[in-house]
>>> print(open('run_37.cif').read())   # mmCIF, C-alpha atoms
data_entry
#
loop_
_atom_site.label_atom_id
_atom_site.label_comp_id
_atom_site.auth_asym_id
_atom_site.auth_seq_id
_atom_site.Cartn_x
_atom_site.Cartn_y
_atom_site.Cartn_z
CA MET A 1 29.69 13.19 20.47
CA ASP A 2 26.98 15.47 19.00
CA THR A 3 23.82 16.72 20.60
CA ARG A 4 20.74 15.91 18.54
CA THR A 5 17.19 17.00 19.20
CA PHE A 6 14.73 14.13 19.42
CA ARG A 7 10.99 14.71 19.16
CA VAL A 8 9.27 11.65 20.55
CA PHE A 9 5.59 10.71 20.39
CA ARG A 10 4.06 10.21 23.83
CA PHE A 11 0.82 8.59 24.84
CA ALA A 12 -0.30 6.95 28.06
CA ARG A 13 -3.68 5.38 28.42
CA ASP A 14 -4.45 7.20 31.66
CA ASP A 15 -2.79 10.49 30.77
CA GLY A 16 -4.97 12.41 28.32
CA PRO A 17 -4.31 13.06 24.62
CA SER A 18 -1.10 12.22 22.81
CA ARG A 19 1.72 14.75 22.48
CA PHE A 20 5.34 15.08 21.38
CA ASP A 21 8.13 15.55 23.92
CA THR A 22 11.47 17.04 22.92
CA PHE A 23 14.77 15.75 24.28
CA GLU A 24 18.37 16.83 23.72
CA VAL A 25 20.33 13.63 23.22
CA GLU A 26 24.07 13.07 23.15
CA ALA A 27 24.59 10.74 20.22
CA ALA A 28 27.53 9.83 18.02
CA PRO A 29 26.75 9.53 14.28
CA GLY A 30 27.11 5.77 14.52
CA ASP A 31 24.62 5.46 17.36
CA THR A 32 21.27 4.02 16.48
CA VAL A 33 17.85 5.50 17.13
CA LEU A 34 17.32 2.71 19.66
CA ASP A 35 20.53 3.78 21.44
CA ALA A 36 19.16 7.32 21.57
CA LEU A 37 15.77 6.20 22.88
CA ARG A 38 17.45 4.13 25.58
CA TRP A 39 19.63 7.15 26.42
CA ILE A 40 16.47 9.24 26.84
CA LYS A 41 14.99 6.54 29.05
CA ILE A 42 18.09 6.42 31.25
CA HIS A 43 18.95 10.11 31.45
CA HIS A 44 15.67 11.97 30.94
CA ASP A 45 12.49 9.98 31.30
CA PRO A 46 12.33 6.41 32.58
CA SER A 47 8.62 6.31 31.76
CA LEU A 48 9.28 6.34 27.99
CA ALA A 49 7.77 3.11 26.62
CA ILE A 50 9.83 1.41 23.92
CA ARG A 51 9.89 -2.20 22.79
CA HIS A 52 13.05 -3.96 21.67
CA SER A 53 14.89 -7.18 22.08
CA CYS A 54 17.69 -8.39 19.82
CA PHE A 55 19.49 -5.16 18.73
CA HIS A 56 20.29 -6.62 15.29
CA ALA A 57 17.16 -6.50 13.11
CA SER A 58 16.21 -10.04 13.87
CA CYS A 59 13.31 -9.88 16.34
CA GLY A 60 11.26 -7.17 14.61
CA THR A 61 10.02 -5.62 17.84
CA CYS A 62 11.53 -2.12 17.61
CA GLY A 63 9.66 -0.92 14.50
CA VAL A 64 8.93 2.81 14.61
CA ARG A 65 8.70 5.74 12.21
CA VAL A 66 11.81 7.89 12.09
CA ASN A 67 11.23 11.25 10.42
CA GLY A 68 8.10 9.75 8.85
CA ARG A 69 9.74 6.63 7.43
CA GLU A 70 9.27 3.15 8.79
CA ALA A 71 12.43 1.71 10.29
CA LEU A 72 13.81 -0.68 12.86
CA ALA A 73 15.20 1.59 15.56
CA CYS A 74 18.03 -0.85 16.31
CA VAL A 75 19.66 -0.54 12.87
CA THR A 76 18.74 3.06 11.99
CA ARG A 77 21.70 5.31 12.56
CA VAL A 78 21.21 8.76 14.00
CA GLY A 79 23.95 10.06 11.70
CA ASP A 80 21.94 9.01 8.63
CA GLN A 81 19.08 11.35 9.51
CA ASP A 82 19.51 14.47 7.42
CA GLU A 83 17.07 16.62 9.32
CA GLY A 84 18.44 18.41 12.38
CA ARG A 85 15.59 17.14 14.50
CA VAL A 86 14.80 13.44 14.66
CA THR A 87 11.10 12.71 15.06
CA VAL A 88 10.22 9.25 16.34
CA GLU A 89 6.64 8.00 16.18
CA PRO A 90 4.95 4.64 16.66
CA LEU A 91 4.06 2.62 13.57
CA ALA A 92 1.04 3.91 11.66
CA ASN A 93 -2.12 1.83 11.17
CA PHE A 94 -1.75 0.14 14.57
CA PRO A 95 -3.44 1.00 17.88
CA VAL A 96 -0.94 2.62 20.25
CA ILE A 97 -0.64 1.06 23.69
CA ALA A 98 1.91 3.50 25.09
CA ASP A 99 4.38 5.97 23.53
CA LEU A 100 6.19 3.99 20.80
CA VAL A 101 4.64 0.63 21.61
CA VAL A 102 1.80 -0.54 19.37
CA ASP A 103 -0.65 -3.40 19.73
CA MET A 104 0.34 -6.09 17.23
CA THR A 105 -2.82 -8.14 17.77
CA SER A 106 -4.57 -6.77 14.69
CA PHE A 107 -1.47 -7.51 12.61
CA VAL A 108 -1.54 -11.19 13.55
CA GLN A 109 -5.31 -11.39 13.13
CA ARG A 110 -4.96 -10.35 9.50
CA PHE A 111 -3.25 -13.59 8.58
CA PRO A 112 -5.38 -16.34 7.02
CA SER A 113 -7.04 -18.73 9.42
CA PRO A 114 -6.24 -21.59 9.81
CA HIS A 115 -2.64 -20.46 9.73
CA PRO A 116 -0.52 -23.19 8.13
CA ALA A 117 3.12 -23.38 9.12
CA ALA A 118 5.46 -21.53 6.79
CA ARG A 119 8.55 -22.95 8.41
CA ILE A 120 9.22 -26.54 9.31
CA SER A 121 12.96 -26.57 9.80
CA GLU A 122 15.56 -23.89 10.18
CA PHE A 123 17.67 -25.18 7.31
CA PRO A 124 16.56 -27.17 4.26
CA THR A 125 18.00 -30.66 4.40
CA SER A 126 18.29 -30.79 0.64
CA PRO A 127 19.87 -28.11 -1.53
CA GLU A 128 17.61 -29.12 -4.44
CA VAL A 129 14.94 -26.63 -5.41
CA PRO A 130 11.48 -28.17 -5.97
CA PRO A 131 9.99 -28.01 -9.49
CA GLY A 132 8.25 -24.73 -10.28
CA ILE A 133 10.47 -22.64 -8.00
CA ASP A 134 13.39 -20.75 -9.52
CA GLU A 135 15.17 -20.20 -6.25
CA TYR A 136 14.53 -20.10 -2.55
CA GLN A 137 13.28 -16.70 -1.43
CA ARG A 138 12.07 -17.66 1.98
CA PHE A 139 9.06 -15.85 3.37
CA GLU A 140 10.42 -17.17 6.63
CA ASP A 141 12.66 -14.12 6.38
CA CYS A 142 9.67 -12.10 7.58
CA ILE A 143 10.37 -10.91 11.11
CA GLU A 144 6.75 -9.78 11.61
CA CYS A 145 7.83 -6.25 12.47
CA GLY A 146 4.75 -4.63 10.88
CA LEU A 147 6.73 -1.99 8.97
CA CYS A 148 5.02 -3.02 5.72
CA LEU A 149 1.55 -2.50 7.15
CA SER A 150 2.55 0.87 8.56
CA ALA A 151 3.92 2.00 5.18
CA CYS A 152 0.94 0.78 3.15
CA PRO A 153 -1.22 3.68 1.92
CA VAL A 154 -4.23 1.39 1.43
CA ALA A 155 -4.05 0.21 5.04
CA ALA A 156 -4.01 3.88 6.04
CA THR A 157 -7.55 4.30 4.79
CA ASP A 158 -9.01 0.87 5.35
CA ASP A 159 -8.20 -1.17 8.43
CA THR A 160 -10.10 -4.17 7.05
CA TYR A 161 -7.46 -4.67 4.34
CA VAL A 162 -5.41 -7.71 5.33
CA GLY A 163 -2.21 -5.98 4.27
CA PRO A 164 1.15 -6.88 2.74
CA ALA A 165 2.58 -9.27 5.34
CA ALA A 166 -0.44 -11.59 5.40
CA LEU A 167 -0.66 -11.64 1.59
CA ALA A 168 3.06 -12.28 1.20
CA TYR A 169 2.71 -15.08 3.71
CA ALA A 170 -0.14 -16.62 1.69
CA GLN A 171 1.95 -16.47 -1.47
CA ARG A 172 4.83 -18.12 0.34
CA ILE A 173 2.55 -21.00 1.36
CA LEU A 174 1.33 -21.34 -2.24
CA GLU A 175 4.92 -21.52 -3.37
CA GLU A 176 5.54 -24.47 -1.11
CA PRO A 177 2.23 -25.74 0.32
CA ARG A 178 3.59 -28.62 2.44
CA GLY A 179 0.09 -30.06 2.70
CA ALA A 180 -1.73 -26.76 3.27
CA ASP A 181 -5.20 -26.30 1.77
CA VAL A 182 -4.21 -24.27 -1.30
CA GLY A 183 -7.79 -23.84 -2.51
CA ALA A 184 -8.91 -22.33 0.79
CA LEU A 185 -5.87 -20.06 0.82
CA LEU A 186 -6.63 -18.80 -2.70
CA ASP A 187 -10.26 -18.20 -1.75
CA TRP A 188 -9.03 -16.17 1.21
CA ALA A 189 -6.63 -14.19 -1.01
CA ASP A 190 -9.44 -13.59 -3.51
CA GLY A 191 -11.65 -12.00 -0.83
CA ASP A 192 -12.89 -8.42 -0.80
CA ASN A 193 -10.15 -7.20 1.55
CA ALA A 194 -7.20 -9.14 0.23
CA ALA A 195 -5.01 -9.29 -2.90
CA TRP A 196 -7.15 -7.06 -5.11
CA ARG A 197 -7.12 -4.16 -2.66
CA CYS A 198 -3.39 -3.55 -3.22
CA HIS A 199 -2.69 -0.50 -5.40
CA ALA A 200 0.90 -1.36 -6.22
CA ALA A 201 2.55 1.53 -4.41
CA PHE A 202 5.36 -0.89 -3.42
CA GLU A 203 5.90 1.04 -0.19
CA CYS A 204 5.80 -2.25 1.73
CA THR A 205 8.78 -3.55 -0.22
CA GLU A 206 10.62 -0.26 0.35
CA ALA A 207 9.97 -0.49 4.08
CA CYS A 208 10.69 -4.19 4.57
CA PRO A 209 13.99 -4.61 6.47
CA SER A 210 14.16 -8.31 5.70
CA ASN A 211 13.93 -8.54 1.92
CA VAL A 212 10.58 -10.32 1.90
CA ARG A 213 9.43 -8.07 -0.99
CA PRO A 214 5.73 -8.21 -0.06
CA ALA A 215 4.53 -6.16 -3.05
CA GLN A 216 6.15 -8.48 -5.58
CA ARG A 217 4.65 -11.44 -3.76
CA ILE A 218 1.18 -9.87 -3.87
CA MET A 219 1.58 -9.50 -7.65
CA HIS A 220 2.56 -13.17 -7.94
CA LEU A 221 -0.45 -14.03 -5.80
CA ARG A 222 -2.70 -12.13 -8.20
CA ARG A 223 -1.23 -14.04 -11.10
CA ALA A 224 -2.03 -17.27 -9.27
CA LEU A 225 -5.59 -16.04 -8.73
CA THR A 226 -6.11 -15.16 -12.38
CA GLY A 227 -4.96 -18.42 -13.82
CA GLY A 228 -1.68 -19.99 -12.87
CA ARG A 229 -2.71 -20.81 -9.32
CA ASP A 230 0.81 -22.06 -8.66
CA GLY A 231 1.81 -18.89 -6.86
CA GLY A 232 5.35 -19.29 -8.09
CA SER A 233 7.70 -16.35 -8.19
CA MET B 1 5.47 -22.27 29.07
CA SER B 2 1.99 -21.45 27.81
CA ARG B 3 -0.49 -19.60 29.99
CA SER B 4 -3.88 -20.94 30.94
CA GLU B 5 -7.07 -19.20 29.80
CA ASP B 6 -7.66 -18.03 33.38
CA GLU B 7 -4.24 -16.40 33.48
CA LEU B 8 -4.86 -14.77 30.10
CA ASP B 9 -8.21 -13.42 31.35
CA VAL B 10 -6.43 -11.80 34.30
CA ILE B 11 -3.87 -10.22 31.95
CA ARG B 12 -6.61 -8.97 29.59
CA ALA B 13 -8.58 -7.48 32.47
CA ALA B 14 -5.48 -5.73 33.80
CA ARG B 15 -4.78 -4.27 30.37
CA GLU B 16 -8.33 -3.05 29.89
CA ALA B 17 -8.36 -1.48 33.34
CA ARG B 18 -5.62 0.90 32.19
CA GLY B 19 -7.98 2.50 29.70
CA PRO B 20 -8.40 2.30 25.94
CA VAL B 21 -5.50 2.16 23.54
CA LEU B 22 -5.05 5.08 21.13
CA ARG B 23 -6.81 4.32 17.87
CA ARG B 24 -5.87 6.91 15.36
CA SER B 25 -8.51 6.73 12.67
CA PRO B 26 -7.03 5.94 9.31
CA GLY B 27 -7.85 8.53 6.70
CA PRO B 28 -6.85 10.03 3.38
CA THR B 29 -4.56 12.53 5.15
CA ALA B 30 -2.09 9.64 5.40
CA TRP B 31 -1.87 9.66 1.60
CA PHE B 32 -0.42 13.16 1.67
CA ASP B 33 2.25 12.81 4.34
CA ILE B 34 5.01 14.86 2.71
CA ARG B 35 7.65 13.02 4.72
CA LYS B 36 6.94 9.92 2.66
CA THR B 37 9.32 10.47 -0.20
CA GLY B 38 9.04 7.09 -1.91
CA THR B 39 8.12 7.13 -5.59
CA GLY B 40 5.35 4.60 -5.01
CA HIS B 41 3.79 6.66 -2.26
CA TRP B 42 3.49 9.90 -4.16
CA ALA B 43 2.47 8.07 -7.33
CA PHE B 44 -0.34 6.52 -5.30
CA SER B 45 -1.33 9.90 -3.83
CA LEU B 46 -1.18 11.72 -7.16
CA ASN B 47 -3.28 8.97 -8.72
CA ARG B 48 -6.00 9.68 -6.17
CA ILE B 49 -5.82 13.45 -6.66
CA THR B 50 -6.02 13.13 -10.44
CA SER B 51 -8.90 10.66 -10.17
CA LEU B 52 -10.89 13.17 -8.12
CA GLY B 53 -9.98 15.91 -10.59
CA LEU B 54 -11.10 13.81 -13.54
CA VAL B 55 -14.43 12.96 -11.88
CA LEU B 56 -14.94 16.67 -11.20
CA TYR B 57 -14.07 17.43 -14.83
CA LEU B 58 -16.63 14.89 -16.07
CA TYR B 59 -19.45 16.72 -14.31
CA LEU B 60 -18.04 20.08 -15.39
CA HIS B 61 -17.94 18.84 -18.97
CA LEU B 62 -21.58 17.75 -18.80
CA ALA B 63 -22.51 21.14 -17.37
CA VAL B 64 -20.67 22.90 -20.19
CA LEU B 65 -22.36 20.75 -22.83
CA SER B 66 -25.73 21.59 -21.33
CA MET B 67 -25.07 25.20 -22.44
CA LEU B 68 -25.95 24.04 -25.92
CA LEU B 69 -29.53 23.90 -24.70
CA GLY B 70 -29.33 27.66 -24.27
CA GLY B 71 -28.81 28.21 -27.97
CA GLU B 72 -26.00 29.43 -30.21
CA GLY B 73 -25.43 32.66 -28.29
CA SER B 74 -24.90 30.85 -25.02
CA TRP B 75 -22.37 28.49 -26.60
CA HIS B 76 -20.37 31.26 -28.28
CA GLY B 77 -20.28 33.13 -25.01
CA PHE B 78 -18.71 30.11 -23.39
CA LEU B 79 -16.18 29.74 -26.21
CA GLU B 80 -14.91 33.25 -25.55
CA ILE B 81 -14.17 32.29 -21.95
CA ALA B 82 -12.71 28.92 -23.02
CA THR B 83 -10.00 30.58 -25.10
CA THR B 84 -8.67 32.78 -22.29
CA PRO B 85 -5.11 31.97 -21.08
CA VAL B 86 -6.39 30.83 -17.68
CA PHE B 87 -8.81 28.37 -19.25
CA LEU B 88 -6.14 27.08 -21.63
CA GLY B 89 -3.88 26.55 -18.63
CA LEU B 90 -6.62 24.47 -17.04
CA ASP B 91 -6.80 22.46 -20.26
CA VAL B 92 -3.08 21.67 -19.95
CA LEU B 93 -3.69 20.66 -16.31
CA LEU B 94 -6.49 18.38 -17.49
CA VAL B 95 -4.18 16.72 -20.01
CA PHE B 96 -1.59 16.25 -17.24
CA GLY B 97 -4.23 14.56 -15.08
CA LEU B 98 -5.35 12.32 -17.92
CA LEU B 99 -1.80 11.32 -18.83
CA PHE B 100 -0.62 10.72 -15.28
CA HIS B 101 -3.70 8.79 -14.21
CA GLY B 102 -3.81 6.79 -17.43
CA LEU B 103 -0.13 5.90 -17.61
CA ASN B 104 0.25 5.18 -13.89
CA GLY B 105 -2.94 3.12 -14.08
CA LEU B 106 -1.43 1.19 -16.96
CA ARG B 107 1.69 0.54 -14.86
CA VAL B 108 -0.45 -0.71 -11.97
CA ALA B 109 -2.43 -2.96 -14.35
CA LEU B 110 0.70 -4.39 -15.97
CA VAL B 111 2.52 -4.95 -12.70
CA GLY B 112 -0.66 -6.34 -11.15
CA THR B 113 -0.82 -9.02 -13.80
CA GLY B 114 2.78 -10.03 -13.28
CA ILE B 115 4.38 -8.00 -16.08
CA ALA B 116 7.58 -6.13 -15.19
CA THR B 117 6.97 -6.74 -11.49
CA GLU B 118 10.69 -6.60 -10.77
CA ARG B 119 11.12 -3.46 -12.87
CA GLN B 120 8.05 -1.53 -11.82
CA LYS B 121 10.04 1.55 -10.87
CA ALA B 122 11.75 1.67 -14.27
CA LEU B 123 8.35 1.13 -15.89
CA PHE B 124 6.93 4.02 -13.89
CA TRP B 125 9.70 6.42 -14.91
CA SER B 126 9.51 5.27 -18.54
CA PHE B 127 5.81 6.09 -18.56
CA MET B 128 6.52 9.43 -16.90
CA VAL B 129 9.05 10.34 -19.60
CA LEU B 130 6.53 9.33 -22.26
CA GLY B 131 3.83 11.31 -20.47
CA SER B 132 6.06 14.39 -20.25
CA ILE B 133 6.71 14.30 -23.99
CA LEU B 134 3.01 13.92 -24.75
CA LEU B 135 2.15 16.69 -22.28
CA LEU B 136 4.66 19.04 -23.88
CA GLY B 137 3.20 18.32 -27.33
CA ALA B 138 -0.35 18.80 -26.06
CA ALA B 139 0.55 22.02 -24.26
CA LEU B 140 2.14 23.49 -27.40
CA HIS B 141 -0.92 22.47 -29.41
CA ILE B 142 -3.39 23.93 -26.91
CA ILE B 143 -1.53 27.22 -26.44
CA GLY B 144 -0.80 27.41 -30.19
CA SER B 145 -4.51 27.09 -30.96
CA ASP B 146 -5.20 30.29 -29.03
#
>>> encode(input="run_37.cif", output="structure tokens")
Amino acid sequence: MDTRTFRVFRFARDDGPSRFDTFEVEAAPGDTVLDALRWIKIHHDPSLAIRHSCFHASCGTCGVRVNGREALACVTRVGDQDEGRVTVEPLANFPVIADLVVDMTSFVQRFPSPHPAARISEFPTSPEVPPGIDEYQRFEDCIECGLCLSACPVAATDDTYVGPAALAYAQRILEEPRGADVGALLDWADGDNAAWRCHAAFECTEACPSNVRPAQRIMHLRRALTGGRDGGS
Amino acid sequence: MSRSEDELDVIRAAREARGPVLRRSPGPTAWFDIRKTGTGHWAFSLNRITSLGLVLYLYLHLAVLSMLLGGEGSWHGFLEIATTPVFLGLDVLLVFGLLFHGLNGLRVALVGTGIATERQKALFWSFMVLGSILLLGAALHIIGSD
């Protein structure tokens, strides 16, 4: 068991400006950042606000920045952090409610409205792939963790940009509309703050823990906007 | 079980009573977070820096050309400064900015139209190798012309 220094972002709405608190944490290399945060909460400071649920990268609630990089705390190992000190911050480009907990409202509001269903059933009843689709790459894999929006450099300077997750979602609907209004969706994606604001940094794809590949999907969406309009990948 | 609007109003009021959330204003400083080590991130940041540099150069270039209005003597005086090692170094920096911004812009344009989307990183590094070769040739030419 090693002792690692954790530097954790702190903010409380009735407690003045934000700050960083430092904690010495006993952590084995295989322990996750979420384990360490829970250790801090139990042994040092029960007031530390963290959000988590499933512990296996499925719920998307424990997104944070670890040493500046977006990550799910539950699957980010302490032993993989090269720096001696591990700095944990809330996701960027989101309002902070408390400590490491951000308000996801703005993330959800970025999605097109009305918001057609991307998922009807958990498993496809037929293994056949519809015409125009090479293979299933389900946007349903998105766990809505917000890591992509936090990593996006465009979102860092413009909070009106709808961001990678919403655009990837739109492309997923285009791929398989299931009765959705494709024209309205394309008009939405063609808007001032949508597909054309992306600058192809691909940081969203790097950050995505669920292989949604938002940047590639935005590029396919652009291709649909400039002619194909099938949105296929 | 879904909550009624009245219950949601109570929750909202309770949240607001605790004071405002922390809204950290987005800004260009986020472009230069050195902890972001991804190729895409620093390519994006460098593209912005070079774009600002090139805009600055455009105005500088117009200012330099306006020296011609001052007659032959004024222009020759400038040429003496323009052939100093420091100025030639700035010329090489200008070529770097042009090459990086142009080639990375070409990558963004190609990828943005669906070309090499799955190989954008390889495309980026290919352009960077090409740019480095062109920069080396340009640098030798500029310094050799001294």
>>> closest_residue(input="run_37.cif", among="A:Cys145, A:Cys198, A:Cys59, A:Val78", to="chain B", atoms="all atoms listed in the file")
A:Cys198
>>> closest_atom_pairs(input="run_37.cif", of="chain A", to="chain B", cutoff="8 Å", atoms="all atoms listed in the file", output="CSV")
residue,atom,partner,partner_atom,distance
A:Phe11,CA,B:Leu22,CA,7.8
A:Arg13,CA,B:Gly19,CA,5.3
A:Asp14,CA,B:Gly19,CA,6.2
A:Asn67,CA,B:Arg35,CA,7.0
A:Gly68,CA,B:Arg35,CA,5.3
A:Arg69,CA,B:Lys36,CA,6.4
A:Asn93,CA,B:Pro26,CA,6.7
A:Phe94,CA,B:Arg23,CA,7.3
A:Pro95,CA,B:Arg23,CA,4.7
A:Val96,CA,B:Leu22,CA,4.9
A:Ile97,CA,B:Val21,CA,5.0
A:Ala98,CA,B:Val21,CA,7.7
A:Pro153,CA,B:Trp31,CA,6.0
A:Ala155,CA,B:Pro26,CA,7.7
A:Ala156,CA,B:Pro26,CA,4.9
A:Thr157,CA,B:Gly27,CA,4.7
A:Asp158,CA,B:Pro26,CA,6.7
A:Asp159,CA,B:Pro26,CA,7.3
A:His199,CA,B:Val108,CA,6.9
A:Ala200,CA,B:Val108,CA,5.9
A:Ala201,CA,B:Gly40,CA,4.2
A:Phe202,CA,B:Gly40,CA,5.7
A:Glu203,CA,B:Gly40,CA,6.0
A:Glu206,CA,B:Gly38,CA,7.9
A:Gln216,CA,B:Thr117,CA,6.2
A:Met219,CA,B:Gly112,CA,5.2
A:His220,CA,B:Gly114,CA,6.2
A:Arg222,CA,B:Thr113,CA,6.7
A:Arg223,CA,B:Thr113,CA,5.7
>>> residues_around(input="run_37.cif", residues="Glu24 of chain A", least_positions_apart="5", cutoff="7 Å", atoms="only C-alpha atoms", output="count of residues only")
4
>>> atom_distance(input="run_37.cif", atom1="atom CA of Ala28 of chain A", atom2="atom CA of Ala73 of chain A")
15.0 Å
>>> closest_residue(input="run_37.cif", among="B:Val10, B:Leu90, B:Leu103, B:Met67", to="Leu123 of chain B", atoms="all atoms listed in the file")
B:Leu103
>>> atom_distance(input="run_37.cif", atom1="atom CA of Gly137 of chain B", atom2="atom CA of Leu56 of chain B")
24.3 Å
